[in-house]
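Asker: start.txt is reproduced in full below (compact mmCIF, C-alpha atoms).
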```txt
# COMPACT_ATOMS: atom_id res chain seq x y z
CA MET A 1 -35.42 -16.96 31.49
CA ILE A 2 -33.34 -14.71 33.75
CA ILE A 3 -31.25 -12.10 31.97
CA THR A 4 -28.83 -9.81 33.79
CA ILE A 5 -27.42 -6.63 32.30
CA SER A 6 -24.24 -5.01 33.54
CA ARG A 7 -23.09 -1.87 31.80
CA GLU A 8 -20.75 1.06 31.60
CA PHE A 9 -22.27 4.43 32.43
CA GLY A 10 -23.62 6.00 29.23
CA SER A 11 -23.47 2.82 27.18
CA GLY A 12 -27.26 2.53 26.96
CA GLY A 13 -27.44 -0.69 28.95
CA ARG A 14 -30.54 0.29 30.88
CA GLU A 15 -32.41 1.24 27.70
CA LEU A 16 -31.30 -2.03 26.12
CA GLY A 17 -32.57 -3.94 29.14
CA LYS A 18 -35.98 -2.26 29.07
CA ARG A 19 -36.41 -2.72 25.34
CA LEU A 20 -35.22 -6.33 25.50
CA ALA A 21 -37.71 -7.07 28.28
CA ASP A 22 -40.49 -5.46 26.22
CA GLU A 23 -39.60 -7.59 23.22
CA LEU A 24 -39.60 -10.74 25.36
CA GLY A 25 -42.78 -9.74 27.20
CA ILE A 26 -41.17 -10.03 30.64
CA PRO A 27 -40.61 -7.46 33.42
CA CYS A 28 -37.45 -5.38 33.68
CA TYR A 29 -36.09 -4.49 37.12
CA ASP A 30 -33.55 -1.70 37.07
CA GLU A 31 -31.62 -0.03 39.85
CA GLN A 32 -34.47 2.36 40.65
CA VAL A 33 -36.92 -0.50 41.15
CA ILE A 34 -34.50 -2.44 43.35
CA GLU A 35 -33.62 0.65 45.39
CA MET A 36 -37.31 1.33 45.96
CA LEU A 37 -37.82 -2.25 47.12
CA MET A 38 -34.84 -1.91 49.45
CA LYS A 39 -36.26 1.27 50.97
CA ASN A 40 -39.67 -0.35 51.43
CA SER A 41 -38.13 -3.39 53.03
CA GLU A 42 -36.31 -1.15 55.49
CA LEU A 43 -39.60 0.45 56.48
CA ASP A 44 -41.40 -2.88 56.74
CA GLY A 45 -38.48 -4.49 58.53
CA ASP A 46 -39.00 -7.71 56.61
CA TYR A 47 -35.43 -7.87 55.39
CA GLY A 48 -34.14 -5.77 58.25
CA ALA A 49 -33.96 -8.76 60.57
CA ALA A 50 -31.02 -9.87 58.48
CA SER A 51 -28.76 -7.52 60.39
CA SER A 52 -28.55 -9.75 63.48
CA ALA A 53 -25.01 -10.76 64.37
CA ARG A 54 -25.48 -14.37 63.33
CA GLU A 55 -26.97 -13.50 59.98
CA MET A 56 -24.24 -10.98 59.39
CA GLN A 57 -21.70 -13.74 59.91
CA ILE A 58 -23.46 -16.02 57.44
CA ALA A 59 -23.81 -13.19 54.97
CA TYR A 60 -20.16 -12.44 55.38
CA SER A 61 -19.05 -15.92 54.38
CA MET A 62 -21.69 -16.02 51.65
CA THR A 63 -20.64 -12.83 50.01
CA ILE A 64 -17.29 -11.34 50.79
CA GLY A 65 -15.55 -14.11 52.66
CA ARG A 66 -12.68 -14.04 50.22
CA ARG A 67 -11.86 -10.36 50.47
CA PHE A 68 -9.67 -9.80 53.48
CA SER A 69 -8.31 -6.45 52.40
CA ILE A 70 -11.51 -4.53 53.12
CA PRO A 71 -11.70 -2.47 56.35
CA PHE A 72 -14.17 -3.86 58.88
CA ALA A 73 -16.44 -0.80 59.06
CA VAL A 74 -16.92 -0.80 55.28
CA MET A 75 -17.36 -4.55 55.34
CA ASP A 76 -20.15 -4.60 57.94
CA GLN A 77 -22.14 -1.96 56.17
CA SER A 78 -21.60 -3.66 52.84
CA VAL A 79 -22.66 -7.02 54.21
CA ALA A 80 -25.97 -5.69 55.54
CA LEU A 81 -26.72 -3.91 52.28
CA THR A 82 -25.53 -6.82 50.23
CA LEU A 83 -27.69 -9.27 52.09
CA THR A 84 -30.86 -7.19 51.69
CA GLN A 85 -30.10 -6.65 48.05
CA ARG A 86 -29.34 -10.30 47.50
CA ARG A 87 -32.68 -11.34 48.98
CA ILE A 88 -34.63 -8.83 46.95
CA ILE A 89 -32.92 -9.84 43.72
CA GLU A 90 -33.38 -13.54 44.47
CA ASP A 91 -37.06 -12.95 45.21
CA LEU A 92 -37.50 -11.14 41.91
CA ALA A 93 -35.74 -13.91 39.99
CA TYR A 94 -37.78 -16.66 41.68
CA LYS A 95 -40.99 -14.90 40.64
CA GLY A 96 -40.25 -15.77 37.01
CA SER A 97 -38.57 -14.66 33.81
CA CYS A 98 -37.16 -11.14 33.96
CA VAL A 99 -34.40 -8.77 32.96
CA ILE A 100 -32.39 -7.31 35.86
CA VAL A 101 -30.21 -4.27 35.18
CA GLY A 102 -27.21 -3.62 37.45
CA ARG A 103 -26.85 -4.33 41.18
CA CYS A 104 -24.48 -7.26 40.60
CA ALA A 105 -27.43 -9.51 39.78
CA ASP A 106 -25.13 -11.51 37.50
CA VAL A 107 -23.03 -12.63 40.48
CA ILE A 108 -25.89 -12.83 43.00
CA LEU A 109 -27.94 -15.13 40.76
CA GLU A 110 -24.94 -17.18 39.60
CA LYS A 111 -26.50 -20.49 40.67
CA MET A 112 -29.64 -19.83 38.63
CA HIS A 113 -27.45 -19.57 35.51
CA PRO A 114 -28.76 -16.27 34.23
CA PHE A 115 -27.83 -15.12 30.75
CA ARG A 116 -25.28 -12.41 31.56
CA ILE A 117 -24.89 -9.47 29.19
CA PHE A 118 -22.31 -6.69 29.47
CA VAL A 119 -22.98 -3.49 27.56
CA TYR A 120 -20.11 -1.13 26.72
CA ALA A 121 -19.10 1.60 24.30
CA ASP A 122 -16.28 3.95 23.44
CA LYS A 123 -15.93 7.22 25.35
CA ALA A 124 -17.26 9.44 22.56
CA SER A 125 -20.47 7.41 22.21
CA LYS A 126 -21.05 7.35 25.95
CA MET A 127 -20.51 11.09 26.16
CA GLU A 128 -22.92 11.76 23.29
CA ARG A 129 -25.58 9.52 24.77
CA THR A 130 -25.26 11.12 28.22
CA LEU A 131 -25.40 14.65 26.81
CA LYS A 132 -28.55 13.76 24.88
CA ARG A 133 -30.43 12.26 27.78
CA GLN A 134 -29.72 15.09 30.24
CA SER A 135 -32.81 16.60 31.77
CA GLU A 136 -33.54 20.32 31.77
CA LYS A 137 -32.69 20.48 35.47
CA GLU A 138 -29.37 18.73 35.19
CA LYS A 139 -27.18 20.41 32.59
CA LEU A 140 -23.66 19.15 33.12
CA THR A 141 -20.67 20.17 31.06
CA ALA A 142 -18.68 17.60 29.10
CA ALA A 143 -15.94 17.69 31.76
CA GLN A 144 -18.48 17.13 34.53
CA ILE A 145 -20.00 14.20 32.66
CA GLN A 146 -16.56 12.70 32.13
CA ARG A 147 -15.93 12.84 35.87
CA LYS A 148 -19.38 11.40 36.67
CA MET A 149 -18.85 8.61 34.16
CA LYS A 150 -15.52 7.65 35.73
CA GLN A 151 -16.85 7.86 39.25
CA ILE A 152 -19.98 5.78 38.65
CA ASP A 153 -18.09 3.05 36.82
CA LYS A 154 -15.53 3.02 39.63
CA THR A 155 -18.30 2.52 42.20
CA ARG A 156 -19.79 -0.27 40.10
CA ALA A 157 -16.42 -1.94 39.87
CA LYS A 158 -15.95 -1.69 43.65
CA LYS A 159 -19.36 -3.16 44.41
CA HIS A 160 -18.65 -5.99 42.01
CA GLU A 161 -15.32 -6.60 43.69
CA LEU A 162 -17.12 -7.36 46.98
CA LEU A 163 -18.86 -10.31 45.35
CA SER A 164 -16.57 -11.67 42.69
CA ASP A 165 -12.93 -12.50 42.13
CA ILE A 166 -13.06 -11.43 38.50
CA PRO A 167 -12.87 -7.65 38.00
CA TRP A 168 -16.03 -5.88 36.79
CA GLY A 169 -16.32 -5.52 33.03
CA ARG A 170 -13.93 -8.37 32.22
CA LYS A 171 -15.55 -10.36 29.43
CA GLU A 172 -14.88 -13.59 31.32
CA CYS A 173 -17.78 -12.72 33.68
CA TYR A 174 -20.39 -12.55 30.93
CA ASP A 175 -22.00 -14.74 28.29
CA LEU A 176 -22.27 -11.93 25.77
CA CYS A 177 -20.59 -8.51 25.53
CA VAL A 178 -22.37 -5.98 23.34
CA ASN A 179 -20.58 -2.93 21.95
CA THR A 180 -23.02 -0.05 21.43
CA SER A 181 -20.46 2.45 20.04
CA GLY A 182 -22.07 4.66 17.40
CA LYS A 183 -25.32 2.70 17.51
CA GLU A 184 -28.82 3.67 18.53
CA ILE A 185 -29.91 1.17 21.15
CA LYS A 186 -33.22 0.41 19.45
CA THR A 187 -31.40 -0.78 16.32
CA LEU A 188 -29.50 -3.33 18.43
CA VAL A 189 -32.56 -4.70 20.22
CA PRO A 190 -33.65 -7.18 17.53
CA ALA A 191 -30.13 -8.65 17.42
CA VAL A 192 -29.88 -9.07 21.18
CA THR A 193 -33.45 -10.40 21.41
CA ALA A 194 -32.72 -12.96 18.71
CA TYR A 195 -29.57 -14.05 20.54
CA VAL A 196 -31.33 -14.40 23.89
CA LYS A 197 -34.27 -16.32 22.42
CA SER A 198 -31.94 -18.68 20.62
CA TRP A 199 -29.82 -19.15 23.78
CA PHE A 200 -32.81 -20.22 25.87
CA GLN A 201 -34.37 -22.38 23.17
CA LYS A 202 -31.96 -25.28 23.38
CA MET B 1 -21.57 -8.64 4.89
CA ILE B 2 -18.00 -9.03 6.16
CA ILE B 3 -17.63 -10.84 9.47
CA THR B 4 -14.30 -11.26 11.23
CA ILE B 5 -13.68 -13.77 13.98
CA SER B 6 -10.85 -13.45 16.48
CA ARG B 7 -10.56 -16.10 19.12
CA GLU B 8 -8.64 -17.64 21.95
CA PHE B 9 -6.98 -20.98 21.21
CA GLY B 10 -9.41 -23.78 22.04
CA SER B 11 -12.48 -21.55 22.31
CA GLY B 12 -14.06 -23.03 19.17
CA GLY B 13 -13.87 -19.79 17.17
CA ARG B 14 -12.88 -21.48 13.94
CA GLU B 15 -15.74 -23.95 14.17
CA LEU B 16 -18.12 -21.11 14.98
CA GLY B 17 -16.87 -19.19 11.94
CA LYS B 18 -17.34 -22.13 9.59
CA ARG B 19 -20.81 -22.95 10.91
CA LEU B 20 -21.86 -19.30 10.83
CA ALA B 21 -20.69 -18.99 7.20
CA ASP B 22 -22.64 -22.14 6.32
CA GLU B 23 -25.78 -20.75 7.93
CA LEU B 24 -25.38 -17.47 6.04
CA GLY B 25 -24.47 -19.22 2.78
CA ILE B 26 -21.19 -17.32 2.38
CA PRO B 27 -17.56 -18.52 2.23
CA CYS B 28 -15.36 -18.85 5.31
CA TYR B 29 -11.65 -18.07 5.03
CA ASP B 30 -9.63 -19.39 7.91
CA GLU B 31 -5.91 -19.21 8.63
CA GLN B 32 -5.17 -22.29 6.51
CA VAL B 33 -6.84 -20.75 3.45
CA ILE B 34 -5.02 -17.44 3.92
CA GLU B 35 -1.68 -19.16 4.50
CA MET B 36 -2.15 -21.19 1.33
CA LEU B 37 -2.92 -18.01 -0.62
CA MET B 38 0.17 -16.38 0.85
CA LYS B 39 2.35 -19.31 -0.20
CA ASN B 40 0.89 -19.27 -3.71
CA SER B 41 1.41 -15.55 -4.02
CA GLU B 42 5.06 -16.00 -3.06
CA LEU B 43 5.47 -18.54 -5.84
CA ASP B 44 3.62 -16.38 -8.37
CA GLY B 45 5.39 -13.25 -7.20
CA ASP B 46 2.20 -11.24 -7.58
CA TYR B 47 2.30 -9.89 -4.07
CA GLY B 48 6.05 -10.40 -3.75
CA ALA B 49 6.78 -7.10 -5.49
CA ALA B 50 5.54 -5.48 -2.33
CA SER B 51 8.90 -6.05 -0.73
CA SER B 52 10.57 -3.20 -2.65
CA ALA B 53 12.06 -0.54 -0.41
CA ARG B 54 9.48 2.07 -1.32
CA GLU B 55 6.54 -0.21 -0.73
CA MET B 56 8.08 -1.32 2.52
CA GLN B 57 8.16 2.30 3.62
CA ILE B 58 4.53 2.83 2.72
CA ALA B 59 3.57 -0.40 4.37
CA TYR B 60 5.48 0.66 7.42
CA SER B 61 3.52 3.86 7.89
CA MET B 62 0.31 2.05 6.96
CA THR B 63 0.68 -0.67 9.47
CA ILE B 64 3.12 -0.33 12.29
CA GLY B 65 4.04 3.32 12.11
CA ARG B 66 3.01 3.85 15.68
CA ARG B 67 5.09 1.14 17.23
CA PHE B 68 8.57 2.44 17.78
CA SER B 69 9.57 -0.13 20.35
CA ILE B 70 9.92 -2.99 17.85
CA PRO B 71 13.44 -3.96 16.71
CA PHE B 72 14.13 -3.16 13.04
CA ALA B 73 14.83 -6.72 11.90
CA VAL B 74 11.52 -7.94 13.30
CA MET B 75 9.81 -4.89 11.87
CA ASP B 76 11.04 -5.36 8.29
CA GLN B 77 10.02 -8.98 8.20
CA SER B 78 6.69 -8.19 9.78
CA VAL B 79 6.01 -5.38 7.33
CA ALA B 80 6.60 -7.61 4.30
CA LEU B 81 4.42 -10.35 5.71
CA THR B 82 1.81 -7.91 6.91
CA LEU B 83 1.56 -6.23 3.54
CA THR B 84 1.08 -9.50 1.66
CA GLN B 85 -1.47 -10.64 4.20
CA ARG B 86 -3.27 -7.31 4.11
CA ARG B 87 -3.62 -7.47 0.32
CA ILE B 88 -4.87 -11.04 0.34
CA ILE B 89 -7.43 -10.31 3.04
CA GLU B 90 -8.58 -7.13 1.30
CA ASP B 91 -8.94 -9.05 -1.98
CA LEU B 92 -11.06 -11.69 -0.26
CA ALA B 93 -13.27 -9.07 1.36
CA TYR B 94 -13.75 -7.13 -1.90
CA LYS B 95 -14.93 -10.34 -3.58
CA GLY B 96 -18.07 -10.27 -1.45
CA SER B 97 -19.69 -11.35 1.79
CA CYS B 98 -17.56 -13.71 3.84
CA VAL B 99 -16.42 -14.81 7.27
CA ILE B 100 -12.68 -14.39 7.95
CA VAL B 101 -11.19 -16.22 10.92
CA GLY B 102 -8.00 -14.87 12.48
CA ARG B 103 -5.08 -13.07 10.82
CA CYS B 104 -6.03 -9.69 12.27
CA ALA B 105 -8.72 -9.27 9.59
CA ASP B 106 -10.70 -7.17 12.08
CA VAL B 107 -8.00 -4.49 12.10
CA ILE B 108 -6.96 -4.86 8.45
CA LEU B 109 -10.52 -4.40 7.17
CA GLU B 110 -11.38 -1.65 9.67
CA LYS B 111 -12.46 0.79 6.96
CA MET B 112 -14.92 -1.70 5.51
CA HIS B 113 -16.65 -1.82 8.91
CA PRO B 114 -16.73 -5.57 9.33
CA PHE B 115 -18.82 -7.10 12.08
CA ARG B 116 -16.11 -8.09 14.56
CA ILE B 117 -16.66 -11.09 16.81
CA PHE B 118 -14.34 -12.27 19.59
CA VAL B 119 -14.75 -15.84 20.82
CA TYR B 120 -13.45 -16.82 24.25
CA ALA B 121 -13.93 -19.39 27.01
CA ASP B 122 -12.66 -20.40 30.41
CA LYS B 123 -9.51 -22.53 30.67
CA ALA B 124 -11.33 -25.78 31.51
CA SER B 125 -13.59 -25.53 28.45
CA LYS B 126 -10.69 -24.71 26.14
CA MET B 127 -8.69 -27.62 27.51
CA GLU B 128 -11.59 -30.04 27.07
CA ARG B 129 -12.25 -28.87 23.51
CA THR B 130 -8.59 -29.16 22.57
CA LEU B 131 -8.26 -32.63 24.09
CA LYS B 132 -11.34 -33.78 22.16
CA ARG B 133 -10.20 -32.51 18.78
CA GLN B 134 -6.68 -33.95 18.96
CA SER B 135 -5.80 -36.19 16.05
CA GLU B 136 -4.43 -39.71 16.46
CA LYS B 137 -0.97 -38.46 15.45
CA GLU B 138 -0.85 -35.60 17.87
CA LYS B 139 -1.51 -36.81 21.40
CA LEU B 140 -0.45 -34.01 23.73
CA THR B 141 -0.70 -34.15 27.49
CA ALA B 142 -2.78 -31.60 29.38
CA ALA B 143 0.41 -29.77 30.41
CA GLN B 144 1.61 -29.64 26.81
CA ILE B 145 -1.75 -28.30 25.65
CA GLN B 146 -1.67 -25.67 28.37
CA ARG B 147 1.73 -24.50 27.13
CA LYS B 148 0.59 -24.54 23.47
CA MET B 149 -2.55 -22.60 24.37
CA LYS B 150 -0.54 -19.90 26.12
CA GLN B 151 2.04 -19.70 23.37
CA ILE B 152 -0.44 -19.44 20.49
CA ASP B 153 -2.51 -16.78 22.21
CA LYS B 154 0.69 -14.88 22.98
CA THR B 155 1.68 -14.96 19.31
CA ARG B 156 -1.80 -13.78 18.31
CA ALA B 157 -1.59 -10.94 20.80
CA LYS B 158 1.82 -9.91 19.44
CA LYS B 159 0.66 -9.92 15.82
CA HIS B 160 -2.32 -7.84 16.80
CA GLU B 161 -0.07 -5.42 18.62
CA LEU B 162 1.72 -4.65 15.34
CA LEU B 163 -1.50 -3.33 13.87
CA SER B 164 -3.54 -1.87 16.69
CA ASP B 165 -3.14 0.26 19.78
CA ILE B 166 -5.74 -1.72 21.71
CA PRO B 167 -4.46 -5.02 23.11
CA TRP B 168 -5.74 -8.23 21.53
CA GLY B 169 -8.83 -9.70 23.17
CA ARG B 170 -9.93 -6.44 24.81
CA LYS B 171 -13.68 -6.20 24.27
CA GLU B 172 -13.30 -2.61 23.03
CA CYS B 173 -11.92 -3.97 19.71
CA TYR B 174 -15.03 -6.00 18.91
CA ASP B 175 -18.74 -5.56 18.24
CA LEU B 176 -19.68 -8.77 19.99
CA CYS B 177 -17.83 -11.03 22.42
CA VAL B 178 -19.14 -14.57 22.68
CA ASN B 179 -18.37 -16.78 25.68
CA THR B 180 -18.36 -20.46 24.68
CA SER B 181 -17.58 -21.88 28.15
CA GLY B 182 -19.34 -25.18 28.68
CA LYS B 183 -21.21 -24.89 25.38
CA GLU B 184 -21.13 -26.98 22.25
CA ILE B 185 -20.39 -24.61 19.39
CA LYS B 186 -23.25 -25.85 17.25
CA THR B 187 -25.77 -24.90 19.94
CA LEU B 188 -24.48 -21.31 19.81
CA VAL B 189 -24.63 -20.99 16.03
CA PRO B 190 -28.35 -20.07 15.75
CA ALA B 191 -27.87 -17.29 18.33
CA VAL B 192 -24.84 -15.80 16.61
CA THR B 193 -26.43 -16.15 13.17
CA ALA B 194 -29.56 -14.38 14.38
CA TYR B 195 -27.44 -11.57 15.83
CA VAL B 196 -25.40 -11.12 12.65
CA LYS B 197 -28.47 -11.14 10.38
CA SER B 198 -30.21 -8.62 12.55
CA TRP B 199 -27.08 -6.42 12.68
CA PHE B 200 -26.79 -6.22 8.89
CA GLN B 201 -30.52 -5.80 8.30
CA LYS B 202 -30.81 -2.22 9.42
```
What is this file in structure tokens?
Answerer:
Amino acid sequence: MIITISREFGSGGRELGKRLADELGIPCYDEQVIEMLMKNSELDGDYGAASSAREMQIAYSMTIGRRFSIPFAVMDQSVALTLTQRRIIEDLAYKGSCVIVGRCADVILEKMHPFRIFVYADKASKMERTLKRQSEKEKLTAAQIQRKMKQIDKTRAKKHELLSDIPWGRKECYDLCVNTSGKEIKTLVPAVTAYVKSWFQK
Amino acid sequence: MIITISREFGSGGRELGKRLADELGIPCYDEQVIEMLMKNSELDGDYGAASSAREMQIAYSMTIGRRFSIPFAVMDQSVALTLTQRRIIEDLAYKGSCVIVGRCADVILEKMHPFRIFVYADKASKMERTLKRQSEKEKLTAAQIQRKMKQIDKTRAKKHELLSDIPWGRKECYDLCVNTSGKEIKTLVPAVTAYVKSWFQK
């Protein structure tokens, strides 16, 4: 039971992922976990070996072979990162049932047929949610949040573009798209959990 | 409990609607039912009175007031049709819980906060489903089906455009988008039913 969650910034996708994993009694790996694993792997050098010229070539055809419009410098860096990330995500998925939030896990794990969820919401709801969850240290204005929201989603879309022909956020990439506008995430969790359980039952 | 289903041609949305309604023990009104009611109402003249100039004006501002790019002849006809359809769909919804498939019920019933589902699938799945459900009388070739598919979805998109600013099929218009690619509809019904029940429980 592999579930991937992609989401717009501020839509509550990460919270939904964590709560869904709790309900299902399986681990949830979010971007922070994966980033930590990537940093560790750099230190250990266990995934680092991937950067050899030959492996880069393989990774290139594996991942972004279809995207000729990307400058080479960007491409090389992306390939190395992508390959490390791919291995970490595959390792996590092979360990057993889990929820993976972000990091293009939906595309990376394509062959394992994960259940792919996309979480989205209208601007007002995303703004409200982001304002609420701000820490004491980070007090951004509404305008600053708006910019951050746009920028982060743009980066997500670009990363997705390296791996897939279908643009990020297009419903065609996902098995279920969940609109969280005006909803508290915890009220949606039973519905999503029920859907996921039913999906994997047959 | 009002549930609206919009769908791409061949995605199995109508079947999903019927099966979902059965599971929930509520009626399902599809396009055939609504068309029949519209024809009856024309004969009875009970909704026909709507075509008076004054009512046309009201209907105009109610429905397509924002769309200035539409030629007047098309607009007048659309307004009359739209108003009759709107009244029939509102009447059905006021009667009690139901599933309504198609006919822009999601936009028409906006103020009643229906649960809005969009059903979609990849081309291959839609083609396969359409080929399977062809009657003996109507044996279309794959190319003919492809054309029909495109044309019907285009008409649906245009009708939707008369009522809403957000293009038809954009996930932002719906609470849940269900991908039926490679799935038999009946295997998806428990998942969707569970989601809907959970949604209306809180």
Asker: Which residues, written as a PDB file with C-alpha atoms, in the frame of the given file, have at least one atom at most 8 Å from Leu140 in chain B, with all atoms listed in the file counted and residues fewer than 5 positions away on the same chain left out?
Answerer:
```
ATOM      1  CA  LEU B 131      -8.260 -32.630  24.090  1.00  0.00           C
ATOM      2  CA  GLN B 134      -6.680 -33.950  18.960  1.00  0.00           C
ATOM      3  CA  ILE B 145      -1.750 -28.300  25.650  1.00  0.00           C
TER       4      ILE B 145
END
```
Asker: Write out as a list in words every residue belonging to chain A that has an atom at most 7 Å from any atom of chain B, counting all atoms listed in the file.
Answerer: Lys171, Asp175, Leu176, Cys177, Val178, Asn179, Leu188, Pro190, Ala191, Val192, Ala194, Tyr195, Ser198 and Trp199 of chain A
Asker: Kindly save the residues from that selection, with C-alpha atoms included, as a CSV table (one decimal), in the coordinates of the input.
Answerer:
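Result went into result-v4.csv, see below:
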```
chain,number,residue,atom,x,y,z
A,171,LYS,CA,-15.6,-10.4,29.4
A,175,ASP,CA,-22.0,-14.7,28.3
A,176,LEU,CA,-22.3,-11.9,25.8
A,177,CYS,CA,-20.6,-8.5,25.5
A,178,VAL,CA,-22.4,-6.0,23.3
A,179,ASN,CA,-20.6,-2.9,22.0
A,188,LEU,CA,-29.5,-3.3,18.4
A,190,PRO,CA,-33.6,-7.2,17.5
A,191,ALA,CA,-30.1,-8.6,17.4
A,192,VAL,CA,-29.9,-9.1,21.2
A,194,ALA,CA,-32.7,-13.0,18.7
A,195,TYR,CA,-29.6,-14.0,20.5
A,198,SER,CA,-31.9,-18.7,20.6
A,199,TRP,CA,-29.8,-19.2,23.8
```
Asker: Measure the distance from CA of Met1 in chain A to CA of Ile185 in chain B in Å and round it to one decimal.
Answerer: 20.8 Å
Asker: What does the distance from CA of Leu163 in chain A to CA of Ile88 in chain A come to in Å, to one decimal?
Answerer: 15.9 Å
Asker: Counting all atoms listed in the file, write as a ChimeraX atom specification all protein and nucleic acid residues lying at most 10 Å from (-9.5, -13.9, 19.2) in the file's frame.
Answerer: /B:4-9,11,13-14,101-104,106,116-120,153,156-157,160,168-170,174,177
Asker: At what distance in Å, to one decimal, does CA of Ser41 in chain B lie from CA of Thr155 in chain B?
Answerer: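 Pair CA of Thr155 in chain B / CA of Ser41 in chain B returns 23.3 Å.
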Asker: So that I can see what lies close to Met149 in chain B, please list as an MDAnalysis selection string the residues with an atom at most 10 Å from it, counting all atoms listed in the file and leaving out residues fewer than 2 positions away in the same chain.
Answerer: chainID B and resid 8:10 123 126:127 130 143:147 151:154
Asker: Leaving out range 25-32 of chain B and any residue of its chain fewer than 6 positions from it, which residues lie within 6 Å of it when counting all atoms listed in the file, given as a PyMOL selection string?
Answerer: chain B and resi 18+98-101
Asker: May I have the residues from that selection written out with C-alpha atoms, as an mmCIF file, keeping the file's coordinate frame?
Answerer:
```
data_model
loop_
_atom_site.group_PDB
_atom_site.id
_atom_site.type_symbol
_atom_site.label_atom_id
_atom_site.label_comp_id
_atom_site.auth_asym_id
_atom_site.auth_seq_id
_atom_site.Cartn_x
_atom_site.Cartn_y
_atom_site.Cartn_z
ATOM 1 C CA LYS B 18 -17.340 -22.130 9.590
ATOM 2 C CA CYS B 98 -17.560 -13.710 3.840
ATOM 3 C CA VAL B 99 -16.420 -14.810 7.270
ATOM 4 C CA ILE B 100 -12.680 -14.390 7.950
ATOM 5 C CA VAL B 101 -11.190 -16.220 10.920
#
```
Asker: Which centre and which edge lengths, in Å to one decimal, describe the axis-aligned box that holds all listed atoms of range 9-13 of chain B after 6 Å is added on each side, as JSON?
Answerer:
```
{"center_x": -10.5, "center_y": -21.8, "center_z": 19.7, "size_x": 19.1, "size_y": 16.0, "size_z": 17.1}
```
Asker: B:Leu162, B:Glu128, B:Asp22, B:Leu37: which is nearest Asp91 in chain B, counting all atoms listed in the file?
Answerer: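 When distances to Asp91 in chain B are compared using all atoms listed in the file, the smallest one comes from B:Leu37.
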Asker: Generate the coordinates of N, CA and C atoms for range 112-124 of chain A; report them as a PDB file, in the frame of the given file.
Answerer:
```pdb
ATOM      1  N   MET A 112     -28.451 -19.673  39.478  1.00  0.00           N
ATOM      2  CA  MET A 112     -29.640 -19.830  38.630  1.00  0.00           C
ATOM      3  C   MET A 112     -29.259 -19.758  37.140  1.00  0.00           C
ATOM      4  N   HIS A 113     -27.966 -19.656  36.879  1.00  0.00           N
ATOM      5  CA  HIS A 113     -27.450 -19.570  35.510  1.00  0.00           C
ATOM      6  C   HIS A 113     -28.181 -18.539  34.653  1.00  0.00           C
ATOM      7  N   PRO A 114     -28.127 -17.289  35.063  1.00  0.00           N
ATOM      8  CA  PRO A 114     -28.760 -16.270  34.230  1.00  0.00           C
ATOM      9  C   PRO A 114     -27.949 -16.083  32.944  1.00  0.00           C
ATOM     10  N   PHE A 115     -28.573 -15.503  31.948  1.00  0.00           N
ATOM     11  CA  PHE A 115     -27.830 -15.120  30.750  1.00  0.00           C
ATOM     12  C   PHE A 115     -27.263 -13.733  31.031  1.00  0.00           C
ATOM     13  N   ARG A 116     -25.945 -13.627  31.085  1.00  0.00           N
ATOM     14  CA  ARG A 116     -25.280 -12.410  31.560  1.00  0.00           C
ATOM     15  C   ARG A 116     -24.745 -11.572  30.396  1.00  0.00           C
ATOM     16  N   ILE A 117     -25.320 -10.376  30.270  1.00  0.00           N
ATOM     17  CA  ILE A 117     -24.890  -9.470  29.190  1.00  0.00           C
ATOM     18  C   ILE A 117     -24.081  -8.328  29.787  1.00  0.00           C
ATOM     19  N   PHE A 118     -23.017  -7.928  29.103  1.00  0.00           N
ATOM     20  CA  PHE A 118     -22.310  -6.690  29.470  1.00  0.00           C
ATOM     21  C   PHE A 118     -22.401  -5.716  28.309  1.00  0.00           C
ATOM     22  N   VAL A 119     -22.812  -4.496  28.604  1.00  0.00           N
ATOM     23  CA  VAL A 119     -22.980  -3.490  27.560  1.00  0.00           C
ATOM     24  C   VAL A 119     -21.907  -2.418  27.725  1.00  0.00           C
ATOM     25  N   TYR A 120     -21.204  -2.099  26.646  1.00  0.00           N
ATOM     26  CA  TYR A 120     -20.110  -1.130  26.720  1.00  0.00           C
ATOM     27  C   TYR A 120     -20.043  -0.307  25.444  1.00  0.00           C
ATOM     28  N   ALA A 121     -19.253   0.745  25.486  1.00  0.00           N
ATOM     29  CA  ALA A 121     -19.100   1.600  24.300  1.00  0.00           C
ATOM     30  C   ALA A 121     -17.848   2.442  24.443  1.00  0.00           C
ATOM     31  N   ASP A 122     -17.442   3.066  23.336  1.00  0.00           N
ATOM     32  CA  ASP A 122     -16.280   3.950  23.440  1.00  0.00           C
ATOM     33  C   ASP A 122     -16.690   5.263  24.106  1.00  0.00           C
ATOM     34  N   LYS A 123     -15.669   6.008  24.574  1.00  0.00           N
ATOM     35  CA  LYS A 123     -15.930   7.220  25.350  1.00  0.00           C
ATOM     36  C   LYS A 123     -16.822   8.213  24.622  1.00  0.00           C
ATOM     37  N   ALA A 124     -16.516   8.438  23.338  1.00  0.00           N
ATOM     38  CA  ALA A 124     -17.260   9.440  22.560  1.00  0.00           C
ATOM     39  C   ALA A 124     -18.754   9.093  22.517  1.00  0.00           C
TER      40      ALA A 124
END
```
